[in-house]
$ cat my_file32.cif   # mmCIF, C-alpha atoms and all ligand atoms
data_entry
loop_
_atom_site.group_PDB
_atom_site.id
_atom_site.type_symbol
_atom_site.label_atom_id
_atom_site.label_comp_id
_atom_site.auth_asym_id
_atom_site.auth_seq_id
_atom_site.Cartn_x
_atom_site.Cartn_y
_atom_site.Cartn_z
ATOM 1 C CA MET A 1 20.086 -10.773 -12.057
ATOM 2 C CA GLY A 2 18.941 -9.802 -8.548
ATOM 3 C CA LEU A 3 20.420 -7.348 -6.114
ATOM 4 C CA GLU A 4 24.220 -7.326 -5.881
ATOM 5 C CA LEU A 5 26.261 -5.571 -3.215
ATOM 6 C CA TYR A 6 29.952 -4.801 -3.507
ATOM 7 C CA LEU A 7 31.342 -4.509 -0.012
ATOM 8 C CA ASP A 8 34.444 -4.679 2.120
ATOM 9 C CA MET A 9 33.554 -5.590 5.681
ATOM 10 C CA LEU A 10 36.427 -3.496 7.015
ATOM 11 C CA SER A 11 34.537 -0.429 5.824
ATOM 12 C CA GLN A 12 32.014 1.239 8.124
ATOM 13 C CA PRO A 13 29.441 2.265 5.478
ATOM 14 C CA CYS A 14 29.720 -1.191 3.854
ATOM 15 C CA ARG A 15 28.906 -2.877 7.144
ATOM 16 C CA ALA A 16 25.911 -0.584 7.668
ATOM 17 C CA VAL A 17 24.540 -1.629 4.264
ATOM 18 C CA TYR A 18 25.278 -5.312 4.941
ATOM 19 C CA ILE A 19 23.592 -5.258 8.353
ATOM 20 C CA PHE A 20 20.577 -3.386 6.996
ATOM 21 C CA ALA A 21 20.050 -5.889 4.178
ATOM 22 C CA LYS A 22 20.529 -8.906 6.447
ATOM 23 C CA LYS A 23 18.388 -7.566 9.285
ATOM 24 C CA ASN A 24 15.568 -6.867 6.863
ATOM 25 C CA GLY A 25 15.797 -10.185 5.050
ATOM 26 C CA ILE A 26 16.723 -8.533 1.745
ATOM 27 C CA PRO A 27 18.290 -11.147 -0.550
ATOM 28 C CA PHE A 28 21.508 -10.117 -2.269
ATOM 29 C CA GLU A 29 24.612 -11.496 -3.871
ATOM 30 C CA LEU A 30 27.729 -10.368 -2.047
ATOM 31 C CA HIS A 31 30.845 -9.386 -3.970
ATOM 32 C CA THR A 32 33.724 -8.828 -1.598
ATOM 33 C CA VAL A 33 36.118 -6.152 -2.825
ATOM 34 C CA GLU A 34 39.153 -5.882 -0.566
ATOM 35 C CA ILE A 35 40.243 -2.277 -0.413
ATOM 36 C CA PHE A 36 43.577 -2.968 1.257
ATOM 37 C CA LYS A 37 44.438 -5.323 -1.578
ATOM 38 C CA GLY A 38 43.592 -2.503 -3.991
ATOM 39 C CA GLN A 39 40.775 -4.568 -5.549
ATOM 40 C CA HIS A 40 38.513 -1.506 -5.827
ATOM 41 C CA LEU A 41 41.030 -0.025 -8.288
ATOM 42 C CA CYS A 42 40.997 -2.996 -10.648
ATOM 43 C CA LYS A 43 39.423 -2.801 -14.094
ATOM 44 C CA GLU A 44 36.623 -5.213 -13.312
ATOM 45 C CA PHE A 45 35.298 -3.176 -10.368
ATOM 46 C CA SER A 46 35.935 0.161 -12.103
ATOM 47 C CA GLN A 47 33.540 -0.980 -14.813
ATOM 48 C CA VAL A 48 30.843 -1.379 -12.166
ATOM 49 C CA ASN A 49 31.669 1.831 -10.308
ATOM 50 C CA SER A 50 34.004 4.291 -11.994
ATOM 51 C CA LEU A 51 34.231 6.199 -8.680
ATOM 52 C CA GLN A 52 36.086 3.142 -7.294
ATOM 53 C CA LYS A 53 34.315 3.430 -3.952
ATOM 54 C CA LEU A 54 32.477 1.037 -1.703
ATOM 55 C CA PRO A 55 29.723 0.295 -0.908
ATOM 56 C CA THR A 56 28.229 -0.090 -4.372
ATOM 57 C CA LEU A 57 24.814 -1.508 -5.217
ATOM 58 C CA LYS A 58 23.839 -3.079 -8.520
ATOM 59 C CA ASP A 59 20.203 -3.848 -9.148
ATOM 60 C CA GLY A 60 19.953 -5.035 -12.744
ATOM 61 C CA ASP A 61 21.282 -2.133 -14.778
ATOM 62 C CA PHE A 62 20.864 0.295 -11.913
ATOM 63 C CA ILE A 63 24.105 1.118 -10.122
ATOM 64 C CA LEU A 64 24.166 3.182 -6.965
ATOM 65 C CA THR A 65 26.955 4.472 -4.738
ATOM 66 C CA GLU A 66 26.889 6.305 -1.390
ATOM 67 C CA SER A 67 25.805 4.320 1.646
ATOM 68 C CA VAL A 68 22.992 6.669 2.644
ATOM 69 C CA ALA A 69 21.482 6.589 -0.855
ATOM 70 C CA ILE A 70 21.818 2.790 -0.846
ATOM 71 C CA LEU A 71 20.108 2.461 2.548
ATOM 72 C CA ILE A 72 17.232 4.703 1.470
ATOM 73 C CA TYR A 73 16.911 2.809 -1.828
ATOM 74 C CA LEU A 74 16.734 -0.526 0.006
ATOM 75 C CA SER A 75 14.302 0.757 2.631
ATOM 76 C CA SER A 76 11.994 2.117 -0.096
ATOM 77 C CA LYS A 77 12.258 -0.742 -2.563
ATOM 78 C CA TYR A 78 11.795 -3.476 0.056
ATOM 79 C CA GLN A 79 9.378 -1.445 2.204
ATOM 80 C CA THR A 80 11.244 -2.187 5.391
ATOM 81 C CA GLU A 81 9.719 -1.311 8.760
ATOM 82 C CA GLU A 82 8.952 2.376 8.971
ATOM 83 C CA HIS A 83 11.060 3.032 12.050
ATOM 84 C CA TRP A 84 14.239 2.825 9.943
ATOM 85 C CA TYR A 85 13.272 5.803 7.800
ATOM 86 C CA PRO A 86 9.992 7.174 9.164
ATOM 87 C CA PRO A 87 7.612 8.799 6.679
ATOM 88 C CA GLU A 88 6.815 11.711 9.037
ATOM 89 C CA LEU A 89 8.592 14.744 7.647
ATOM 90 C CA GLN A 90 10.128 15.967 10.883
ATOM 91 C CA PHE A 91 11.552 12.566 11.887
ATOM 92 C CA ARG A 92 12.811 11.937 8.375
ATOM 93 C CA ILE A 93 14.479 15.303 8.137
ATOM 94 C CA ARG A 94 16.092 14.827 11.559
ATOM 95 C CA ILE A 95 17.767 11.714 10.135
ATOM 96 C CA HIS A 96 19.211 13.825 7.330
ATOM 97 C CA GLU A 97 20.230 16.516 9.788
ATOM 98 C CA TYR A 98 22.123 13.854 11.711
ATOM 99 C CA LEU A 99 23.652 12.304 8.583
ATOM 100 C CA GLY A 100 24.896 15.704 7.409
ATOM 101 C CA TRP A 101 26.623 16.245 10.759
ATOM 102 C CA HIS A 102 27.830 12.637 10.726
ATOM 103 C CA ALA A 103 29.507 13.187 7.342
ATOM 104 C CA ASP A 104 31.337 16.236 8.686
ATOM 105 C CA TYR A 105 32.322 15.082 12.162
ATOM 106 C CA ILE A 106 31.950 11.347 12.701
ATOM 107 C CA ARG A 107 33.149 10.064 9.375
ATOM 108 C CA GLY A 108 36.781 10.940 8.879
ATOM 109 C CA THR A 109 37.375 11.121 12.651
ATOM 110 C CA PHE A 110 36.501 7.673 13.940
ATOM 111 C CA GLY A 111 38.085 5.953 10.948
ATOM 112 C CA VAL A 112 41.483 7.562 11.614
ATOM 113 C CA PRO A 113 42.844 5.010 14.160
ATOM 114 C CA LEU A 114 42.674 2.231 11.552
ATOM 115 C CA TRP A 115 44.934 4.299 9.314
ATOM 116 C CA THR A 116 47.331 5.442 12.028
ATOM 117 C CA GLN A 117 47.575 2.157 13.957
ATOM 118 C CA VAL A 118 47.230 -0.441 11.218
ATOM 119 C CA VAL A 119 47.649 0.809 7.661
ATOM 120 C CA ALA A 120 50.403 3.426 8.074
ATOM 121 C CA PRO A 121 52.791 1.052 9.926
ATOM 122 C CA LEU A 122 52.182 -1.608 7.270
ATOM 123 C CA ILE A 123 53.670 0.634 4.631
ATOM 124 C CA GLY A 124 56.367 2.000 6.903
ATOM 125 C CA VAL A 125 54.813 5.385 7.673
ATOM 126 C CA LYS A 126 54.789 6.828 11.192
ATOM 127 C CA VAL A 127 51.951 9.254 11.854
ATOM 128 C CA PRO A 128 53.126 12.028 14.231
ATOM 129 C CA GLU A 129 51.956 11.543 17.835
ATOM 130 C CA GLU A 130 50.385 15.005 17.920
ATOM 131 C CA LYS A 131 48.056 14.000 15.084
ATOM 132 C CA VAL A 132 47.038 10.853 16.967
ATOM 133 C CA ALA A 133 46.382 12.914 20.114
ATOM 134 C CA ARG A 134 44.432 15.524 18.140
ATOM 135 C CA ASN A 135 42.259 12.774 16.697
ATOM 136 C CA ARG A 136 41.539 11.396 20.180
ATOM 137 C CA THR A 137 40.484 14.883 21.303
ATOM 138 C CA ALA A 138 38.295 15.274 18.215
ATOM 139 C CA MET A 139 36.640 11.904 18.946
ATOM 140 C CA ASP A 140 35.928 12.957 22.538
ATOM 141 C CA ARG A 141 34.411 16.271 21.471
ATOM 142 C CA THR A 142 32.300 14.581 18.834
ATOM 143 C CA LEU A 143 31.053 11.933 21.278
ATOM 144 C CA GLN A 144 29.997 14.708 23.627
ATOM 145 C CA LYS A 145 27.950 16.327 20.855
ATOM 146 C CA LEU A 146 26.534 12.961 19.822
ATOM 147 C CA GLU A 147 25.380 12.394 23.389
ATOM 148 C CA ASP A 148 24.110 15.892 24.174
ATOM 149 C CA LYS A 149 22.692 17.155 20.903
ATOM 150 C CA PHE A 150 21.515 13.991 19.145
ATOM 151 C CA LEU A 151 20.872 11.312 21.770
ATOM 152 C CA GLY A 152 19.726 13.545 24.597
ATOM 153 C CA CYS A 153 17.321 11.591 26.800
ATOM 154 C CA LYS A 154 15.884 9.463 23.991
ATOM 155 C CA ALA A 155 16.436 5.754 23.484
ATOM 156 C CA PHE A 156 17.953 6.306 20.017
ATOM 157 C CA LEU A 157 19.491 9.221 18.155
ATOM 158 C CA ILE A 158 16.366 10.453 16.407
ATOM 159 C CA SER A 159 13.443 8.960 18.270
ATOM 160 C CA GLN A 160 12.499 6.123 20.578
ATOM 161 C CA LYS A 161 13.135 3.636 17.772
ATOM 162 C CA VAL A 162 16.147 2.652 15.683
ATOM 163 C CA THR A 163 16.674 4.618 12.474
ATOM 164 C CA LEU A 164 19.288 4.684 9.717
ATOM 165 C CA ALA A 165 21.094 7.328 11.796
ATOM 166 C CA ASP A 166 21.710 4.861 14.642
ATOM 167 C CA LEU A 167 23.013 2.225 12.257
ATOM 168 C CA MET A 168 25.456 4.613 10.592
ATOM 169 C CA ALA A 169 26.727 5.935 13.931
ATOM 170 C CA PHE A 170 26.990 2.451 15.444
ATOM 171 C CA GLU A 171 29.149 1.173 12.595
ATOM 172 C CA GLU A 172 31.441 4.192 12.557
ATOM 173 C CA LEU A 173 32.108 3.893 16.302
ATOM 174 C CA MET A 174 32.929 0.201 15.857
ATOM 175 C CA GLN A 175 36.102 1.151 13.982
ATOM 176 C CA PRO A 176 38.120 2.540 16.946
ATOM 177 C CA MET A 177 36.383 0.188 19.395
ATOM 178 C CA ALA A 178 37.783 -2.793 17.515
ATOM 179 C CA LEU A 179 41.248 -1.327 18.039
ATOM 180 C CA GLY A 180 40.701 -1.171 21.777
ATOM 181 C CA TYR A 181 39.516 2.419 22.188
ATOM 182 C CA LYS A 182 37.195 2.838 25.167
ATOM 183 C CA LEU A 183 34.690 5.367 23.904
ATOM 184 C CA PHE A 184 32.048 5.189 26.603
ATOM 185 C CA GLU A 185 33.974 5.099 29.858
ATOM 186 C CA GLU A 186 32.475 8.321 31.158
ATOM 187 C CA ARG A 187 29.416 8.277 28.949
ATOM 188 C CA PRO A 188 26.796 5.963 30.422
ATOM 189 C CA ARG A 189 24.032 7.329 28.185
ATOM 190 C CA LEU A 190 25.994 6.610 25.016
ATOM 191 C CA ALA A 191 27.029 3.228 26.400
ATOM 192 C CA ALA A 192 23.346 2.381 26.992
ATOM 193 C CA TRP A 193 22.453 3.596 23.489
ATOM 194 C CA HIS A 194 25.202 1.444 21.992
ATOM 195 C CA LYS A 195 23.938 -1.598 23.901
ATOM 196 C CA ARG A 196 20.354 -0.923 22.741
ATOM 197 C CA VAL A 197 21.430 -0.768 19.084
ATOM 198 C CA GLU A 198 23.493 -3.947 19.474
ATOM 199 C CA THR A 199 20.602 -5.755 21.163
ATOM 200 C CA PHE A 200 18.201 -4.606 18.462
ATOM 201 C CA LEU A 201 20.495 -5.810 15.676
ATOM 202 C CA GLY A 202 21.224 -9.074 17.482
ATOM 203 C CA ALA A 203 24.505 -10.534 18.694
ATOM 204 C CA GLU A 204 24.736 -13.042 15.850
ATOM 205 C CA LEU A 205 24.401 -10.466 13.079
ATOM 206 C CA CYS A 206 26.822 -8.098 14.830
ATOM 207 C CA GLN A 207 29.357 -10.869 15.180
ATOM 208 C CA GLU A 208 28.957 -11.811 11.532
ATOM 209 C CA ALA A 209 29.372 -8.213 10.378
ATOM 210 C CA HIS A 210 32.208 -7.320 12.749
ATOM 211 C CA GLY A 211 34.171 -10.562 12.618
ATOM 212 C CA LEU A 212 36.762 -9.346 10.135
ATOM 213 C CA LEU A 213 37.258 -6.023 11.910
ATOM 214 C CA LEU A 214 37.464 -7.590 15.364
ATOM 215 C CA ASN A 215 40.211 -9.925 14.150
ATOM 216 C CA ILE A 216 42.252 -7.156 12.694
ATOM 217 C CA MET A 217 44.818 -6.810 15.472
ATOM 218 C CA GLU A 218 45.317 -10.572 15.447
ATOM 219 C CA GLN A 219 45.771 -10.505 11.672
ATOM 220 C CA VAL A 220 48.324 -7.712 11.958
ATOM 221 C CA ALA A 221 50.197 -9.579 14.718
ATOM 222 C CA ASN A 222 50.161 -12.808 12.666
ATOM 223 C CA LYS A 223 51.096 -10.877 9.518
ATOM 224 C CA THR A 224 48.011 -12.168 7.703
ATOM 225 C CA PHE A 225 46.547 -8.692 7.183
ATOM 226 C CA PRO A 226 47.083 -7.836 3.508
ATOM 227 C CA VAL A 227 50.006 -5.541 2.814
ATOM 228 C CA PRO A 228 48.579 -3.046 0.316
ATOM 229 C CA PRO A 229 50.001 -3.287 -3.212
ATOM 230 C CA PRO A 230 52.371 -0.449 -4.187
ATOM 231 C CA GLU A 231 49.881 1.001 -6.700
ATOM 232 C CA PHE A 232 47.559 1.707 -3.749
ATOM 233 C CA TYR A 233 50.268 3.590 -1.785
ATOM 234 C CA PRO A 234 49.467 7.017 -3.282
ATOM 235 C CA ASN A 235 45.819 6.697 -2.105
ATOM 236 C CA ILE A 236 46.973 5.619 1.336
ATOM 237 C CA LEU A 237 49.498 8.438 1.604
ATOM 238 C CA LEU A 238 46.869 10.927 0.484
ATOM 239 C CA ARG A 239 44.419 9.627 3.099
ATOM 240 C CA ILE A 240 47.064 9.803 5.814
ATOM 241 C CA SER A 241 48.138 13.303 4.770
ATOM 242 C CA LYS A 242 44.547 14.466 5.273
ATOM 243 C CA ILE A 243 44.574 13.552 8.973
ATOM 244 C CA PRO A 244 44.508 16.928 10.710
HETATM 245 N N1 LIG B 301 30.358 8.776 1.381
HETATM 246 C C1 LIG B 301 30.651 7.435 0.928
HETATM 247 C C2 LIG B 301 32.023 7.063 1.386
HETATM 248 C C3 LIG B 301 32.543 5.878 0.634
HETATM 249 C C4 LIG B 301 33.969 5.575 1.018
HETATM 250 O O1 LIG B 301 34.760 6.463 1.375
HETATM 251 N N2 LIG B 301 34.307 4.316 0.934
HETATM 252 C C5 LIG B 301 35.639 3.898 1.240
HETATM 253 C C6 LIG B 301 35.586 2.694 2.148
HETATM 254 S S1 LIG B 301 34.996 3.151 3.729
HETATM 255 C C7 LIG B 301 36.343 3.538 -0.049
HETATM 256 O O2 LIG B 301 35.738 3.048 -0.972
HETATM 257 N N3 LIG B 301 37.664 3.797 -0.102
HETATM 258 C C8 LIG B 301 38.488 3.481 -1.200
HETATM 259 C C9 LIG B 301 39.273 4.661 -1.676
HETATM 260 O O3 LIG B 301 38.907 5.800 -1.349
HETATM 261 O O4 LIG B 301 40.258 4.462 -2.396
HETATM 262 C C10 LIG B 301 29.601 6.454 1.475
HETATM 263 O O5 LIG B 301 29.079 6.703 2.564
HETATM 264 O O6 LIG B 301 29.332 5.466 0.805
#
$ encode --input "my_file32.cif" --output "structure tokens"
Amino acid sequence: MGLELYLDMLSQPCRAVYIFAKKNGIPFELHTVEIFKGQHLCKEFSQVNSLQKLPTLKDGDFILTESVAILIYLSSKYQTEEHWYPPELQFRIRIHEYLGWHADYIRGTFGVPLWTQVVAPLIGVKVPEEKVARNRTAMDRTLQKLEDKFLGCKAFLISQKVTLADLMAFEELMQPMALGYKLFEERPRLAAWHKRVETFLGAELCQEAHGLLLNIMEQVANKTFPVPPPEFYPNILLRISKIP
């Protein structure tokens, strides 16, 4: 059995893995696991990944979780172009510096609007306005740091070429953008960076990867977005309760 990827295209790290594999011509079998239908909690998927998280990679008997580990595994195993994960120590370590910061500040912040605007209302929960406003402020502050500290005057976050850091950031920012958030209105440098990443990845691949997410508001309006099953409510409520 070849490479298998368990993904939900509504998830930022899943899309990063999907785009990376597609862009680099890595063949894989896709298993779609729909989180909002609670499919990641079912017995079949739990036997693959007892952590019940996506993305998950299966390569023969080898099972791997965590998007960053998966991206590094794929880049090493398939010897993708060096710019993604450059061998030079100081570039490589800058990617990890970024990804550490990303885990603390980007992840968990830019994913919040999907929970407050889409998932919470679906299960009849109203997230207090002050939390929504606080999240918007946190996004603005984080974008400022992304622009000043990481992007600076370079073409991409780490160097003049695309790396795993750009891909992870790009996908995370897609989440609120798909819900209509204008992230770059007063940030021309970040806007230009975003355009460069999109151009590098290619419009067709971006459309393919973002299709589900970009349709989300339509799905909600048409009531075709899956209403999570009750057994998934405790996870959802826990996630929502963690919004600062
Ligand atoms: N640090 C992990 C995060 C994985 C993660 O949180 N995945 C989410 C989807 S974005 C998930 O599986 N959520 C299901 C749940 O927590 O119940 C990574 O980057 O892979």
$ atom_distance --input "my_file32.cif" --atom1 "atom C5 of ligand LIG 301 (chain B)" --atom2 "CA of Pro55 in chain A"
7.3 Å
$ resolve_selection --input "my_file32.cif" --expression "the PyMOL selection byres (((chain A and resi 239) around 12) and not hetatm)" --output "mmCIF file with C-alpha atoms, keeping the file's coordinate frame"
data_model
loop_
_atom_site.group_PDB
_atom_site.id
_atom_site.type_symbol
_atom_site.label_atom_id
_atom_site.label_comp_id
_atom_site.auth_asym_id
_atom_site.auth_seq_id
_atom_site.Cartn_x
_atom_site.Cartn_y
_atom_site.Cartn_z
ATOM 1 C CA GLY A 108 36.781 10.940 8.879
ATOM 2 C CA THR A 109 37.375 11.121 12.651
ATOM 3 C CA GLY A 111 38.085 5.953 10.948
ATOM 4 C CA VAL A 112 41.483 7.562 11.614
ATOM 5 C CA LEU A 114 42.674 2.231 11.552
ATOM 6 C CA TRP A 115 44.934 4.299 9.314
ATOM 7 C CA THR A 116 47.331 5.442 12.028
ATOM 8 C CA VAL A 119 47.649 0.809 7.661
ATOM 9 C CA ALA A 120 50.403 3.426 8.074
ATOM 10 C CA VAL A 127 51.951 9.254 11.854
ATOM 11 C CA PHE A 232 47.559 1.707 -3.749
ATOM 12 C CA TYR A 233 50.268 3.590 -1.785
ATOM 13 C CA PRO A 234 49.467 7.017 -3.282
ATOM 14 C CA ASN A 235 45.819 6.697 -2.105
ATOM 15 C CA ILE A 236 46.973 5.619 1.336
ATOM 16 C CA LEU A 237 49.498 8.438 1.604
ATOM 17 C CA LEU A 238 46.869 10.927 0.484
ATOM 18 C CA ILE A 240 47.064 9.803 5.814
ATOM 19 C CA SER A 241 48.138 13.303 4.770
ATOM 20 C CA LYS A 242 44.547 14.466 5.273
ATOM 21 C CA ILE A 243 44.574 13.552 8.973
ATOM 22 C CA PRO A 244 44.508 16.928 10.710
#
$ resolve_selection --input "my_file32.cif" --expression "the PyMOL selection byres (((chain A and resi 27) around 12) and not hetatm)" --output "PyMOL selection string"
chain A and resi 1-5+18-26+28-30+59+74+78
$ atom_distance --input "my_file32.cif" --atom1 "CA of Cys153 in chain A" --atom2 "CA of Leu190 in chain A"
10.2 Å
$ axis_aligned_box --input "my_file32.cif" --around "ligand LIG 301 (chain B)" --padding-each-side "5 Å" --output "AutoDock Vina command-line options"
--center_x 34.7 --center_y 5.7 --center_z 0.7 --size_x 21.2 --size_y 16.1 --size_z 16.1
$ residues_near_ligand --input "my_file32.cif" --ligand "ligand LIG 301 (chain B)" --cutoff "8 Å" --atoms "all atoms listed in the file" --output "list in words"
Asp8, Leu10, Ser11, Gln12, Pro13, Cys14, Ile35, Gly38, His40, Leu41, Gln52, Lys53, Leu54, Pro55, Thr56, Thr65, Glu66, Ser67, Val68, Ala103, Phe232, Asn235 and Ile236 of chain A
$ resolve_selection --input "my_file32.cif" --expression "the PyMOL selection byres (((chain A and resi 194) around 12) and not hetatm)" --output "PDB file with C-alpha atoms, keeping the file's coordinate frame"
ATOM      1  CA  LEU A 146      26.534  12.961  19.822  1.00  0.00           C
ATOM      2  CA  GLU A 147      25.380  12.394  23.389  1.00  0.00           C
ATOM      3  CA  LEU A 151      20.872  11.312  21.770  1.00  0.00           C
ATOM      4  CA  ALA A 155      16.436   5.754  23.484  1.00  0.00           C
ATOM      5  CA  PHE A 156      17.953   6.306  20.017  1.00  0.00           C
ATOM      6  CA  LEU A 157      19.491   9.221  18.155  1.00  0.00           C
ATOM      7  CA  VAL A 162      16.147   2.652  15.683  1.00  0.00           C
ATOM      8  CA  ASP A 166      21.710   4.861  14.642  1.00  0.00           C
ATOM      9  CA  LEU A 167      23.013   2.225  12.257  1.00  0.00           C
ATOM     10  CA  MET A 168      25.456   4.613  10.592  1.00  0.00           C
ATOM     11  CA  ALA A 169      26.727   5.935  13.931  1.00  0.00           C
ATOM     12  CA  PHE A 170      26.990   2.451  15.444  1.00  0.00           C
ATOM     13  CA  GLU A 171      29.149   1.173  12.595  1.00  0.00           C
ATOM     14  CA  GLU A 172      31.441   4.192  12.557  1.00  0.00           C
ATOM     15  CA  LEU A 173      32.108   3.893  16.302  1.00  0.00           C
ATOM     16  CA  MET A 174      32.929   0.201  15.857  1.00  0.00           C
ATOM     17  CA  MET A 177      36.383   0.188  19.395  1.00  0.00           C
ATOM     18  CA  LEU A 183      34.690   5.367  23.904  1.00  0.00           C
ATOM     19  CA  PHE A 184      32.048   5.189  26.603  1.00  0.00           C
ATOM     20  CA  ARG A 187      29.416   8.277  28.949  1.00  0.00           C
ATOM     21  CA  PRO A 188      26.796   5.963  30.422  1.00  0.00           C
ATOM     22  CA  ARG A 189      24.032   7.329  28.185  1.00  0.00           C
ATOM     23  CA  LEU A 190      25.994   6.610  25.016  1.00  0.00           C
ATOM     24  CA  ALA A 191      27.029   3.228  26.400  1.00  0.00           C
ATOM     25  CA  ALA A 192      23.346   2.381  26.992  1.00  0.00           C
ATOM     26  CA  TRP A 193      22.453   3.596  23.489  1.00  0.00           C
ATOM     27  CA  LYS A 195      23.938  -1.598  23.901  1.00  0.00           C
ATOM     28  CA  ARG A 196      20.354  -0.923  22.741  1.00  0.00           C
ATOM     29  CA  VAL A 197      21.430  -0.768  19.084  1.00  0.00           C
ATOM     30  CA  GLU A 198      23.493  -3.947  19.474  1.00  0.00           C
ATOM     31  CA  THR A 199      20.602  -5.755  21.163  1.00  0.00           C
ATOM     32  CA  PHE A 200      18.201  -4.606  18.462  1.00  0.00           C
ATOM     33  CA  LEU A 201      20.495  -5.810  15.676  1.00  0.00           C
TER      34      LEU A 201
END
$ atom_distance --input "my_file32.cif" --atom1 "CA of His210 in chain A" --atom2 "CA of Lys145 in chain A"
25.4 Å
$ closest_residue --input "my_file32.cif" --among "A:Lys37, A:Lys154, A:Lys131, A:Arg15" --to "Pro228 in chain A" --atoms "all atoms listed in the file"
A:Lys37
